[in-house]
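Listing of final-v8.csv, CSV, C-alpha atoms
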```csv
chain,number,residue,atom,x,y,z
A,1,MET,CA,-29.9,-35.2,-76.8
A,2,ALA,CA,-33.1,-33.4,-77.7
A,3,ASN,CA,-33.6,-30.9,-75.0
A,4,GLU,CA,-32.6,-27.9,-77.0
A,5,SER,CA,-33.8,-24.7,-75.4
A,6,SER,CA,-36.7,-24.6,-77.9
A,7,VAL,CA,-38.3,-27.8,-76.5
A,8,VAL,CA,-40.7,-26.9,-73.7
A,9,ALA,CA,-42.3,-30.3,-73.0
A,10,ARG,CA,-41.3,-34.0,-73.5
A,11,VAL,CA,-44.0,-36.7,-73.5
A,12,VAL,CA,-43.7,-40.5,-73.6
A,13,LEU,CA,-46.9,-42.3,-74.5
A,14,GLN,CA,-47.8,-46.0,-73.9
A,15,GLN,CA,-50.9,-47.9,-74.7
A,16,CYS,CA,-52.4,-50.0,-71.9
A,17,LEU,CA,-55.1,-52.5,-71.2
A,18,HIS,CA,-55.0,-51.6,-67.5
A,19,ALA,CA,-52.8,-49.2,-65.5
A,20,ARG,CA,-52.7,-48.5,-61.8
A,21,LEU,CA,-51.0,-45.6,-60.2
A,22,GLN,CA,-50.4,-44.8,-56.5
A,23,VAL,CA,-51.6,-41.3,-55.6
A,24,LYS,CA,-51.0,-41.5,-51.9
A,25,PRO,CA,-48.4,-43.6,-50.2
A,26,PRO,CA,-49.4,-45.7,-47.2
A,27,ASP,CA,-48.9,-44.3,-43.7
A,28,VAL,CA,-49.3,-45.6,-40.2
A,29,GLU,CA,-53.1,-45.4,-40.3
A,30,ASN,CA,-54.0,-45.7,-43.9
A,31,GLU,CA,-53.4,-48.0,-46.9
A,32,ALA,CA,-52.0,-46.5,-50.1
A,33,GLU,CA,-54.5,-44.8,-52.4
A,34,TRP,CA,-54.5,-45.7,-56.1
A,35,VAL,CA,-56.2,-44.6,-59.3
A,36,GLU,CA,-56.6,-46.9,-62.3
A,37,ILE,CA,-57.8,-47.0,-65.9
A,38,ASN,CA,-58.6,-49.7,-68.2
A,39,ARG,CA,-57.9,-49.6,-71.9
A,40,GLY,CA,-56.3,-46.4,-73.1
A,41,MET,CA,-53.1,-44.3,-73.0
A,42,VAL,CA,-50.5,-43.6,-70.3
A,43,ILE,CA,-49.0,-40.1,-70.8
A,44,TYR,CA,-45.7,-39.4,-69.0
A,45,VAL,CA,-45.1,-35.7,-69.1
A,46,CYS,CA,-42.2,-33.4,-68.3
A,47,PHE,CA,-42.1,-29.6,-68.7
A,48,PHE,CA,-38.9,-27.7,-69.4
A,49,LYS,CA,-38.0,-24.1,-68.6
A,50,GLY,CA,-39.8,-21.8,-70.9
A,51,ALA,CA,-43.0,-23.8,-71.0
A,52,THR,CA,-46.0,-21.6,-70.6
A,53,GLU,CA,-49.8,-22.0,-70.2
A,54,ASP,CA,-50.5,-21.1,-73.8
A,55,ILE,CA,-48.8,-24.3,-75.1
A,56,ILE,CA,-51.0,-26.7,-73.0
A,57,THR,CA,-54.1,-26.6,-75.4
A,58,LYS,CA,-51.9,-27.5,-78.3
A,59,ILE,CA,-50.1,-30.3,-76.5
A,60,VAL,CA,-53.3,-31.9,-75.2
A,61,ASN,CA,-55.1,-31.6,-78.5
A,62,THR,CA,-52.2,-33.2,-80.3
A,63,LEU,CA,-51.8,-36.1,-77.9
A,64,LEU,CA,-55.5,-36.9,-77.6
A,65,ASN,CA,-56.0,-36.8,-81.4
A,66,MET,CA,-52.9,-38.6,-82.6
A,67,LYS,CA,-53.7,-42.0,-84.0
A,68,LEU,CA,-51.6,-44.0,-81.5
A,69,CYS,CA,-54.3,-46.5,-80.2
A,70,GLU,CA,-54.8,-49.9,-81.7
A,71,THR,CA,-58.4,-50.8,-82.3
A,72,ASP,CA,-59.7,-54.4,-82.0
A,73,SER,CA,-59.2,-54.8,-85.8
A,74,GLY,CA,-55.6,-53.7,-85.5
A,75,LYS,CA,-56.0,-50.3,-87.0
A,76,TYR,CA,-54.9,-47.1,-85.3
A,77,THR,CA,-57.1,-44.4,-84.0
A,78,SER,CA,-56.9,-41.6,-81.3
A,79,VAL,CA,-57.6,-42.2,-77.7
A,80,LEU,CA,-60.7,-40.0,-78.1
A,81,GLU,CA,-62.0,-42.1,-81.0
A,82,LEU,CA,-61.1,-45.5,-79.5
A,83,PRO,CA,-62.6,-44.4,-77.0
A,84,GLY,CA,-60.1,-44.9,-74.3
A,85,SER,CA,-59.1,-43.6,-70.9
A,86,VAL,CA,-56.0,-41.5,-70.0
A,87,LEU,CA,-53.6,-41.9,-67.1
A,88,ILE,CA,-51.3,-38.9,-66.7
A,89,VAL,CA,-48.0,-39.5,-64.9
A,90,PRO,CA,-45.8,-36.5,-64.0
A,91,GLN,CA,-42.3,-37.6,-64.9
A,92,ALA,CA,-39.5,-35.1,-64.3
A,93,THR,CA,-36.9,-37.8,-65.0
A,94,LEU,CA,-37.8,-37.5,-68.7
A,95,GLY,CA,-36.0,-34.1,-68.7
A,96,GLY,CA,-32.7,-35.7,-67.7
A,97,LYS,CA,-29.5,-35.0,-69.7
A,98,PRO,CA,-26.6,-37.4,-69.2
A,99,LYS,CA,-23.5,-35.9,-67.5
A,100,GLY,CA,-20.9,-38.5,-66.8
A,101,LYS,CA,-22.6,-41.5,-65.2
A,102,GLY,CA,-25.5,-39.5,-63.8
A,103,MET,CA,-28.4,-37.4,-65.1
A,104,GLN,CA,-28.8,-33.7,-64.7
A,105,TYR,CA,-32.1,-31.9,-64.7
A,106,HIS,CA,-31.0,-28.3,-65.3
A,107,ALA,CA,-33.5,-27.8,-68.2
A,108,ASN,CA,-36.5,-28.9,-66.1
A,109,ILE,CA,-39.0,-26.3,-65.2
A,110,GLY,CA,-39.2,-25.1,-61.5
A,111,LYS,CA,-41.5,-26.8,-59.1
A,112,ASP,CA,-44.2,-24.1,-58.8
A,113,ASP,CA,-44.5,-23.5,-62.5
A,114,GLY,CA,-44.4,-27.2,-63.3
A,115,GLN,CA,-47.2,-27.9,-60.8
A,116,LYS,CA,-49.4,-25.2,-62.4
A,117,LEU,CA,-48.7,-26.4,-66.0
A,118,TYR,CA,-49.4,-30.0,-64.9
A,119,ALA,CA,-52.7,-29.1,-63.3
A,120,SER,CA,-53.7,-27.2,-66.4
A,121,PHE,CA,-52.6,-30.2,-68.6
A,122,VAL,CA,-54.8,-32.5,-66.5
A,123,ALA,CA,-57.7,-30.1,-66.6
A,124,HIS,CA,-57.5,-29.8,-70.4
A,125,CYS,CA,-57.4,-33.6,-70.8
A,126,GLU,CA,-60.5,-33.9,-68.6
A,127,LYS,CA,-62.3,-31.2,-70.6
A,128,GLU,CA,-61.5,-32.8,-73.9
A,129,LEU,CA,-62.7,-36.3,-72.8
A,130,SER,CA,-65.8,-34.7,-71.3
A,131,LEU,CA,-66.6,-33.0,-74.7
A,132,SER,CA,-66.2,-36.3,-76.6
A,133,CYS,CA,-69.6,-38.1,-77.0
A,134,LYS,CA,-67.8,-41.4,-77.6
A,135,CYS,CA,-65.8,-41.0,-74.3
A,136,THR,CA,-68.7,-39.9,-72.1
A,137,GLU,CA,-71.0,-42.7,-73.6
A,138,ALA,CA,-68.3,-45.3,-72.9
A,139,GLY,CA,-67.5,-43.8,-69.5
A,140,THR,CA,-63.8,-43.4,-70.1
A,141,ASP,CA,-61.7,-41.6,-67.5
A,142,VAL,CA,-58.9,-39.2,-67.0
A,143,LYS,CA,-56.8,-40.2,-64.0
A,144,HIS,CA,-53.5,-38.7,-62.9
A,145,GLY,CA,-50.6,-38.9,-60.5
A,146,THR,CA,-49.7,-36.3,-57.8
A,147,TYR,CA,-47.1,-33.9,-59.0
A,148,GLY,CA,-43.8,-34.3,-57.2
A,149,ASN,CA,-44.6,-37.7,-55.7
A,150,ARG,CA,-43.1,-41.1,-56.4
A,151,GLN,CA,-45.2,-42.6,-59.2
A,152,VAL,CA,-45.7,-46.2,-58.2
A,153,LEU,CA,-47.1,-47.6,-61.5
A,154,LYS,CA,-48.4,-51.0,-62.5
A,155,LEU,CA,-48.9,-51.4,-66.2
A,156,ASP,CA,-50.6,-54.1,-68.3
A,157,THR,CA,-50.3,-53.9,-72.0
A,158,ASN,CA,-51.1,-55.7,-75.2
A,159,GLY,CA,-48.0,-54.0,-76.6
A,160,PRO,CA,-47.0,-50.6,-75.2
A,161,TYR,CA,-46.2,-49.0,-78.6
A,162,THR,CA,-44.0,-46.5,-76.8
A,163,HIS,CA,-43.9,-43.1,-78.5
A,164,LEU,CA,-41.9,-40.0,-77.8
A,165,MET,CA,-43.3,-36.5,-78.6
A,166,GLU,CA,-41.7,-33.2,-78.0
A,167,PHE,CA,-43.2,-29.7,-78.1
B,3,MET,CA,-38.5,-33.7,-82.7
B,4,ALA,CA,-35.2,-35.2,-82.0
B,5,ASN,CA,-34.5,-37.6,-84.8
B,6,GLU,CA,-32.0,-35.5,-86.6
B,7,SER,CA,-30.0,-37.5,-89.0
B,8,SER,CA,-27.2,-37.7,-86.5
B,9,VAL,CA,-29.2,-39.7,-84.0
B,10,VAL,CA,-28.7,-43.4,-84.6
B,11,ALA,CA,-30.5,-44.9,-81.6
B,12,ARG,CA,-33.3,-43.8,-79.2
B,13,VAL,CA,-33.7,-45.6,-75.9
B,14,VAL,CA,-36.3,-45.3,-73.2
B,15,LEU,CA,-35.5,-46.7,-69.8
B,16,GLN,CA,-37.8,-47.6,-66.9
B,17,GLN,CA,-37.0,-49.1,-63.5
B,18,CYS,CA,-39.1,-52.2,-62.5
B,19,LEU,CA,-39.7,-54.5,-59.6
B,20,HIS,CA,-41.0,-57.1,-62.0
B,21,ALA,CA,-41.6,-57.2,-65.7
B,22,ARG,CA,-43.0,-59.9,-68.0
B,23,LEU,CA,-42.8,-59.9,-71.8
B,24,GLN,CA,-44.4,-62.3,-74.2
B,25,VAL,CA,-41.9,-63.7,-76.6
B,26,LYS,CA,-44.2,-66.1,-78.5
B,27,PRO,CA,-47.9,-65.6,-79.0
B,28,PRO,CA,-50.3,-68.4,-78.2
B,29,ASP,CA,-51.3,-70.6,-81.1
B,30,VAL,CA,-53.8,-73.5,-81.5
B,31,GLU,CA,-51.6,-76.0,-79.8
B,32,ASN,CA,-49.5,-73.9,-77.4
B,33,GLU,CA,-49.9,-71.3,-74.7
B,34,ALA,CA,-48.0,-68.0,-75.1
B,35,GLU,CA,-44.3,-68.0,-74.0
B,36,TRP,CA,-43.0,-65.3,-71.7
B,37,VAL,CA,-39.8,-64.1,-70.2
B,38,GLU,CA,-39.6,-62.2,-67.0
B,39,ILE,CA,-37.2,-60.3,-64.7
B,40,ASN,CA,-37.4,-59.1,-61.2
B,41,ARG,CA,-35.8,-55.9,-60.0
B,42,GLY,CA,-33.9,-54.0,-62.7
B,43,MET,CA,-34.3,-52.0,-65.8
B,44,VAL,CA,-36.5,-52.2,-68.9
B,45,ILE,CA,-34.7,-51.0,-72.0
B,46,TYR,CA,-36.9,-50.0,-75.0
B,47,VAL,CA,-34.7,-49.6,-78.0
B,48,CYS,CA,-35.1,-48.3,-81.5
B,49,PHE,CA,-32.4,-47.9,-84.2
B,50,PHE,CA,-32.4,-45.3,-86.9
B,51,LYS,CA,-30.9,-45.4,-90.4
B,52,GLY,CA,-27.1,-44.9,-90.1
B,53,ALA,CA,-26.7,-47.0,-87.0
B,54,THR,CA,-23.8,-49.4,-87.2
B,55,GLU,CA,-22.3,-52.2,-85.2
B,56,ASP,CA,-19.5,-50.0,-83.8
B,57,ILE,CA,-22.0,-47.9,-81.8
B,58,ILE,CA,-23.4,-50.9,-79.8
B,59,THR,CA,-20.6,-51.2,-77.3
B,60,LYS,CA,-20.8,-47.5,-76.4
B,61,ILE,CA,-24.6,-47.6,-76.1
B,62,VAL,CA,-24.6,-50.7,-73.9
B,63,ASN,CA,-21.7,-49.5,-71.7
B,64,THR,CA,-23.5,-46.2,-71.2
B,65,LEU,CA,-26.9,-47.7,-70.4
B,66,LEU,CA,-25.6,-50.3,-68.0
B,67,ASN,CA,-23.3,-47.9,-66.1
B,68,MET,CA,-25.6,-44.9,-65.8
B,69,LYS,CA,-26.8,-44.3,-62.3
B,70,LEU,CA,-30.5,-44.7,-62.9
B,71,CYS,CA,-31.4,-47.4,-60.5
B,72,GLU,CA,-32.7,-46.6,-57.0
B,73,THR,CA,-31.1,-48.6,-54.1
B,74,ASP,CA,-33.0,-49.6,-51.0
B,75,SER,CA,-31.6,-46.5,-49.3
B,76,GLY,CA,-32.9,-44.2,-52.1
B,77,LYS,CA,-29.6,-43.5,-53.7
B,78,TYR,CA,-28.9,-44.0,-57.4
B,79,THR,CA,-26.6,-46.6,-58.9
B,80,SER,CA,-26.2,-48.4,-62.1
B,81,VAL,CA,-28.0,-51.6,-63.0
B,82,LEU,CA,-24.7,-53.5,-62.9
B,83,GLU,CA,-24.0,-52.2,-59.4
B,84,LEU,CA,-27.5,-52.6,-58.0
B,85,PRO,CA,-27.2,-55.4,-59.2
B,86,GLY,CA,-30.3,-55.7,-61.3
B,87,SER,CA,-31.7,-57.6,-64.3
B,88,VAL,CA,-32.3,-56.2,-67.7
B,89,LEU,CA,-35.3,-56.6,-70.0
B,90,ILE,CA,-34.7,-55.5,-73.6
B,91,VAL,CA,-37.8,-54.5,-75.6
B,92,PRO,CA,-37.4,-53.8,-79.3
B,93,GLN,CA,-39.6,-50.7,-79.9
B,94,ALA,CA,-39.7,-49.4,-83.4
B,95,THR,CA,-42.6,-47.0,-82.5
B,96,LEU,CA,-40.0,-44.9,-80.6
B,97,GLY,CA,-38.7,-43.8,-84.0
B,98,GLY,CA,-42.0,-42.2,-84.9
B,99,LYS,CA,-42.2,-38.6,-86.1
B,100,PRO,CA,-45.6,-36.9,-86.1
B,101,LYS,CA,-47.1,-36.1,-89.5
B,102,GLY,CA,-50.6,-34.8,-89.2
B,103,LYS,CA,-52.5,-37.1,-86.9
B,104,GLY,CA,-50.3,-40.1,-87.6
B,105,MET,CA,-46.8,-41.2,-87.0
B,106,GLN,CA,-44.3,-41.8,-89.8
B,107,TYR,CA,-41.2,-44.1,-89.3
B,108,HIS,CA,-39.1,-43.0,-92.3
B,109,ALA,CA,-36.0,-42.6,-90.1
B,110,ASN,CA,-36.2,-46.1,-88.7
B,111,ILE,CA,-33.5,-48.6,-89.8
B,112,GLY,CA,-34.5,-51.4,-92.2
B,113,LYS,CA,-35.6,-54.7,-90.8
B,114,ASP,CA,-32.5,-56.8,-91.6
B,115,ASP,CA,-30.0,-54.2,-90.3
B,116,GLY,CA,-32.2,-53.5,-87.3
B,117,GLN,CA,-32.5,-57.2,-86.4
B,118,LYS,CA,-28.7,-57.6,-86.5
B,119,LEU,CA,-28.1,-54.5,-84.4
B,120,TYR,CA,-30.7,-55.7,-81.9
B,121,ALA,CA,-29.1,-59.1,-81.6
B,122,SER,CA,-25.7,-57.5,-81.1
B,123,PHE,CA,-27.2,-55.2,-78.5
B,124,VAL,CA,-28.7,-58.1,-76.6
B,125,ALA,CA,-25.4,-60.1,-76.8
B,126,HIS,CA,-23.4,-57.1,-75.5
B,127,CYS,CA,-25.8,-56.7,-72.5
B,128,GLU,CA,-25.5,-60.4,-71.8
B,129,LYS,CA,-21.8,-60.2,-71.9
B,130,GLU,CA,-21.5,-57.2,-69.6
B,131,LEU,CA,-23.8,-58.7,-67.0
B,132,SER,CA,-21.9,-62.0,-67.2
B,133,LEU,CA,-18.6,-60.1,-66.6
B,134,SER,CA,-20.0,-58.4,-63.5
B,135,CYS,CA,-19.3,-60.3,-60.3
B,136,LYS,CA,-22.2,-58.6,-58.5
B,137,CYS,CA,-24.6,-59.7,-61.2
B,138,THR,CA,-23.4,-63.2,-61.5
B,139,GLU,CA,-23.4,-63.7,-57.7
B,140,ALA,CA,-26.9,-62.2,-57.4
B,141,GLY,CA,-28.1,-64.3,-60.4
B,142,THR,CA,-29.4,-61.4,-62.4
B,143,ASP,CA,-30.6,-61.9,-65.9
B,144,VAL,CA,-30.8,-60.4,-69.3
B,145,LYS,CA,-34.1,-61.2,-71.0
B,146,HIS,CA,-35.4,-59.8,-74.3
B,147,GLY,CA,-38.2,-59.6,-76.7
B,148,THR,CA,-38.4,-61.0,-80.2
B,149,TYR,CA,-37.5,-58.4,-82.8
B,150,GLY,CA,-40.5,-57.5,-85.1
B,151,ASN,CA,-43.1,-59.1,-82.8
B,152,ARG,CA,-45.8,-57.5,-80.7
B,153,GLN,CA,-44.3,-56.7,-77.3
B,154,VAL,CA,-47.0,-57.8,-74.9
B,155,LEU,CA,-45.6,-56.3,-71.6
B,156,LYS,CA,-46.7,-56.3,-68.0
B,157,LEU,CA,-44.7,-54.0,-65.8
B,158,ASP,CA,-44.7,-53.5,-62.0
B,159,THR,CA,-42.7,-50.6,-60.7
B,160,ASN,CA,-41.9,-48.7,-57.5
B,161,GLY,CA,-41.7,-45.6,-59.7
B,162,PRO,CA,-40.6,-46.1,-63.4
B,163,TYR,CA,-38.2,-43.1,-63.4
B,164,THR,CA,-38.6,-43.0,-67.2
B,165,HIS,CA,-35.5,-41.7,-68.9
B,166,LEU,CA,-34.8,-40.9,-72.6
B,167,MET,CA,-31.4,-41.3,-74.1
B,168,GLU,CA,-30.2,-40.8,-77.6
B,169,PHE,CA,-27.0,-41.8,-79.3
```
Re-express the file's structure as structure tokens.
Amino acid sequence: MANESSVVARVVLQQCLHARLQVKPPDVENEAEWVEINRGMVIYVCFFKGATEDIITKIVNTLLNMKLCETDSGKYTSVLELPGSVLIVPQATLGGKPKGKGMQYHANIGKDDGQKLYASFVAHCEKELSLSCKCTEAGTDVKHGTYGNRQVLKLDTNGPYTHLMEF
Amino acid sequence: MANESSVVARVVLQQCLHARLQVKPPDVENEAEWVEINRGMVIYVCFFKGATEDIITKIVNTLLNMKLCETDSGKYTSVLELPGSVLIVPQATLGGKPKGKGMQYHANIGKDDGQKLYASFVAHCEKELSLSCKCTEAGTDVKHGTYGNRQVLKLDTNGPYTHLMEF
């Protein structure tokens, strides 16, 4: 497995045509609340112990500029250049390490630190898309799940092109 | 990144309530063909150079017996015990290693060997589910994508609980 002590974040990326994520579960009085994006990238992110604020800029710049998005002509470009939207899904399960028939999450960052890094990650993504003329002209969005919640996700793809990246 | 030479397979796992995968694209005369599963597990799989037939049994047994599936009471159990269905998605992009702003796939297994291993992987999953009384009684299924094709996927989850496993 790859969670050597030097790895501070693990990210899985999938392309989508449409994705919908529950950000507030239903309760007695209210229906569930959802966020959604159209064409773009779903980013599942997990931080490990040792992750610090100074790594966030590098991670976000790398993810948003990697040529992982398929254009209409079948070439690859970044989500900023596509331009596409971004849905960020906190996904602590990505930090799991098999032990017997179960998964252990000993390498995962603590809740408070993870929440801060996640908020910073979201803010950096929002900033980068807002600085991209292509994204603002096209009206692309950054949407994100609530840290620590169940991530009820519905995904529609033209091929997810699932990628793994570690930092 | 984790694709040291010793890693022969990388797998991403997601839980689903329903998943639908295109197995034949539409053409002039015919509509697209799809396979689908209800509750169960989506297995995205990528083989690296050095992967051989003798590893398949171990991988399949591990994946199908890991407690990654949420029961109605919120506990975790294996897909065989749930019992749930399995959708297998060949996903060569999982073998990518970042180089500049693009991904390289030099560590991925060659097409012919990959196709054979993939077919064996599918056959082993089918066999294991067919040997499970719980699965046969519940009528759970193994469905899979076509190796080398675009994997047009639609996924509906109650939380994907994305896991990474390497062998």
Using all atoms listed in the file, find all polymer residues with an atom at most 12 Å away from the point (-57.3, -45.2, -73.5); report them as a PyMOL selection string.
chain A and resi 13-19+36-43+63-65+67-71+77-88+125+129+134-135+138-143+157+160
Any idea what the distance is between atom CA of B:Leu166 and atom CA of A:Gly95?
7.9 Å
Mind checking which residues fall within 10 Å of B:Gly150, counting all atoms listed in the file, ignoring those fewer than 3 positions away in the same chain, and posting them as a PyMOL selection string?
chain B and resi 92-94+113+116-117+147+153
Against chain B, which residues of chain A fall within 9 Å? For each one I want the closest pair of atoms and the distance in Å (one decimal), counting all atoms listed in the file, rows by chain and increasing residue number, as a Markdown table.
```
| residue | atom | partner | partner_atom | distance |
| --- | --- | --- | --- | --- |
| A:Met1 | CA | B:Glu168 | CA | 5.7 |
| A:Ala2 | CA | B:Ala4 | CA | 5.1 |
| A:Asn3 | CA | B:Ala4 | CA | 8.4 |
| A:Val7 | CA | B:Met3 | CA | 8.6 |
| A:Val12 | CA | B:Thr164 | CA | 8.6 |
| A:Tyr44 | CA | B:Thr164 | CA | 8.2 |
| A:Thr62 | CA | B:Lys103 | CA | 7.7 |
| A:Asn65 | CA | B:Lys103 | CA | 6.5 |
| A:Met66 | CA | B:Lys103 | CA | 4.6 |
| A:Lys67 | CA | B:Gly104 | CA | 5.3 |
| A:Leu68 | CA | B:Gly104 | CA | 7.4 |
| A:Tyr76 | CA | B:Gly104 | CA | 8.7 |
| A:Thr77 | CA | B:Gly104 | CA | 8.8 |
| A:Ser78 | CA | B:Lys103 | CA | 8.4 |
| A:Gln91 | CA | B:Thr164 | CA | 6.9 |
| A:Ala92 | CA | B:Tyr163 | CA | 8.2 |
| A:Thr93 | CA | B:Tyr163 | CA | 5.7 |
| A:Leu94 | CA | B:His165 | CA | 4.8 |
| A:Gly95 | CA | B:His165 | CA | 7.6 |
| A:Gly96 | CA | B:His165 | CA | 6.7 |
| A:Lys97 | CA | B:Met167 | CA | 7.9 |
| A:Pro98 | CA | B:Met167 | CA | 7.9 |
| A:Gly100 | CA | B:Met68 | CA | 8.0 |
| A:Lys101 | CA | B:Met68 | CA | 4.6 |
| A:Gly102 | CA | B:Lys69 | CA | 5.2 |
| A:Met103 | CA | B:Lys69 | CA | 7.6 |
| A:Arg150 | CA | B:Gly161 | CA | 5.8 |
| A:Gln151 | CA | B:Gly161 | CA | 4.6 |
| A:Val152 | CA | B:Gly161 | CA | 4.3 |
| A:Leu153 | CA | B:Thr159 | CA | 5.4 |
| A:Lys154 | CA | B:Asp158 | CA | 4.5 |
| A:Leu155 | CA | B:Leu157 | CA | 5.0 |
| A:Asp156 | CA | B:Lys156 | CA | 4.5 |
| A:Thr157 | CA | B:Leu155 | CA | 5.3 |
| A:Asn158 | CA | B:Val154 | CA | 4.6 |
| A:Gly159 | CA | B:Val154 | CA | 4.3 |
| A:Pro160 | CA | B:Leu155 | CA | 6.9 |
| A:Tyr161 | CA | B:Thr95 | CA | 5.7 |
| A:Thr162 | CA | B:Leu96 | CA | 5.7 |
| A:His163 | CA | B:Leu96 | CA | 4.8 |
| A:Leu164 | CA | B:Leu96 | CA | 6.0 |
| A:Met165 | CA | B:Met3 | CA | 6.9 |
| A:Glu166 | CA | B:Met3 | CA | 5.7 |
| A:Phe167 | CA | B:Met3 | CA | 7.7 |
```
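Taking atom CA of A:Gly110 and atom CA of A:Val23 as the two end points, the separation is 21.2 Å.
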Please measure the separation of atom CA of A:Asp54 and atom CA of A:Lys127, giving the value in Å to one decimal.
15.9 Å
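Using only C-alpha atoms, the contacts of B:Gly52 at a cut-off of 9 Å, with sequence neighbours closer than 3 positions omitted, comprise Ser7, Ser8, Val9, Val10, Phe49 and Ile111 of chain B.
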Using all atoms listed in the file, find the one residue out of A:Val28, A:Val11, A:Leu117, A:Val35 that sits nearest to A:Ile55.
A:Leu117
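With all atoms listed in the file as the atoms that count, the residue of A:Thr136, A:Ser130, A:Asn108, A:Thr146 with the shortest distance to A:Lys49 is A:Asn108.
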Since the input is missing atoms, can you rebuild N, CA, C and O atoms for stretch 17-29 of chain A and write them as a PDB file, keeping the file's coordinate frame?
```
ATOM      1  N   LEU A  17     -53.799 -51.853 -71.392  1.00  0.00           N
ATOM      2  CA  LEU A  17     -55.100 -52.500 -71.200  1.00  0.00           C
ATOM      3  C   LEU A  17     -55.605 -52.171 -69.804  1.00  0.00           C
ATOM      4  O   LEU A  17     -56.805 -52.092 -69.579  1.00  0.00           O
ATOM      5  N   HIS A  18     -54.660 -51.934 -68.912  1.00  0.00           N
ATOM      6  CA  HIS A  18     -55.000 -51.600 -67.500  1.00  0.00           C
ATOM      7  C   HIS A  18     -53.754 -50.921 -66.922  1.00  0.00           C
ATOM      8  O   HIS A  18     -52.626 -51.356 -67.189  1.00  0.00           O
ATOM      9  N   ALA A  19     -53.966 -49.880 -66.162  1.00  0.00           N
ATOM     10  CA  ALA A  19     -52.800 -49.200 -65.500  1.00  0.00           C
ATOM     11  C   ALA A  19     -53.312 -48.721 -64.144  1.00  0.00           C
ATOM     12  O   ALA A  19     -54.455 -48.280 -63.998  1.00  0.00           O
ATOM     13  N   ARG A  20     -52.418 -48.783 -63.181  1.00  0.00           N
ATOM     14  CA  ARG A  20     -52.700 -48.500 -61.800  1.00  0.00           C
ATOM     15  C   ARG A  20     -51.616 -47.648 -61.224  1.00  0.00           C
ATOM     16  O   ARG A  20     -50.454 -48.017 -61.355  1.00  0.00           O
ATOM     17  N   LEU A  21     -51.978 -46.524 -60.627  1.00  0.00           N
ATOM     18  CA  LEU A  21     -51.000 -45.600 -60.200  1.00  0.00           C
ATOM     19  C   LEU A  21     -51.253 -45.175 -58.718  1.00  0.00           C
ATOM     20  O   LEU A  21     -52.388 -44.795 -58.383  1.00  0.00           O
ATOM     21  N   GLN A  22     -50.228 -45.226 -57.882  1.00  0.00           N
ATOM     22  CA  GLN A  22     -50.400 -44.800 -56.500  1.00  0.00           C
ATOM     23  C   GLN A  22     -50.444 -43.304 -56.402  1.00  0.00           C
ATOM     24  O   GLN A  22     -49.550 -42.641 -56.931  1.00  0.00           O
ATOM     25  N   VAL A  23     -51.472 -42.773 -55.763  1.00  0.00           N
ATOM     26  CA  VAL A  23     -51.600 -41.300 -55.600  1.00  0.00           C
ATOM     27  C   VAL A  23     -51.351 -40.861 -54.196  1.00  0.00           C
ATOM     28  O   VAL A  23     -51.213 -39.680 -53.927  1.00  0.00           O
ATOM     29  N   LYS A  24     -51.347 -41.819 -53.279  1.00  0.00           N
ATOM     30  CA  LYS A  24     -51.000 -41.500 -51.900  1.00  0.00           C
ATOM     31  C   LYS A  24     -50.339 -42.672 -51.260  1.00  0.00           C
ATOM     32  O   LYS A  24     -50.910 -43.772 -51.234  1.00  0.00           O
ATOM     33  N   PRO A  25     -49.115 -42.469 -50.770  1.00  0.00           N
ATOM     34  CA  PRO A  25     -48.400 -43.600 -50.200  1.00  0.00           C
ATOM     35  C   PRO A  25     -49.092 -44.037 -48.877  1.00  0.00           C
ATOM     36  O   PRO A  25     -49.831 -43.269 -48.267  1.00  0.00           O
ATOM     37  N   PRO A  26     -48.862 -45.276 -48.489  1.00  0.00           N
ATOM     38  CA  PRO A  26     -49.400 -45.700 -47.200  1.00  0.00           C
ATOM     39  C   PRO A  26     -48.803 -45.010 -46.049  1.00  0.00           C
ATOM     40  O   PRO A  26     -47.662 -44.581 -46.134  1.00  0.00           O
ATOM     41  N   ASP A  27     -49.550 -44.829 -44.974  1.00  0.00           N
ATOM     42  CA  ASP A  27     -48.900 -44.300 -43.700  1.00  0.00           C
ATOM     43  C   ASP A  27     -49.372 -45.206 -42.578  1.00  0.00           C
ATOM     44  O   ASP A  27     -49.951 -46.276 -42.791  1.00  0.00           O
ATOM     45  N   VAL A  28     -49.080 -44.776 -41.380  1.00  0.00           N
ATOM     46  CA  VAL A  28     -49.300 -45.600 -40.200  1.00  0.00           C
ATOM     47  C   VAL A  28     -50.806 -46.040 -40.132  1.00  0.00           C
ATOM     48  O   VAL A  28     -51.137 -47.171 -39.787  1.00  0.00           O
ATOM     49  N   GLU A  29     -51.675 -45.094 -40.455  1.00  0.00           N
ATOM     50  CA  GLU A  29     -53.100 -45.400 -40.300  1.00  0.00           C
ATOM     51  C   GLU A  29     -53.832 -45.830 -41.528  1.00  0.00           C
ATOM     52  O   GLU A  29     -54.890 -46.445 -41.447  1.00  0.00           O
TER      53      GLU A  29
END
```
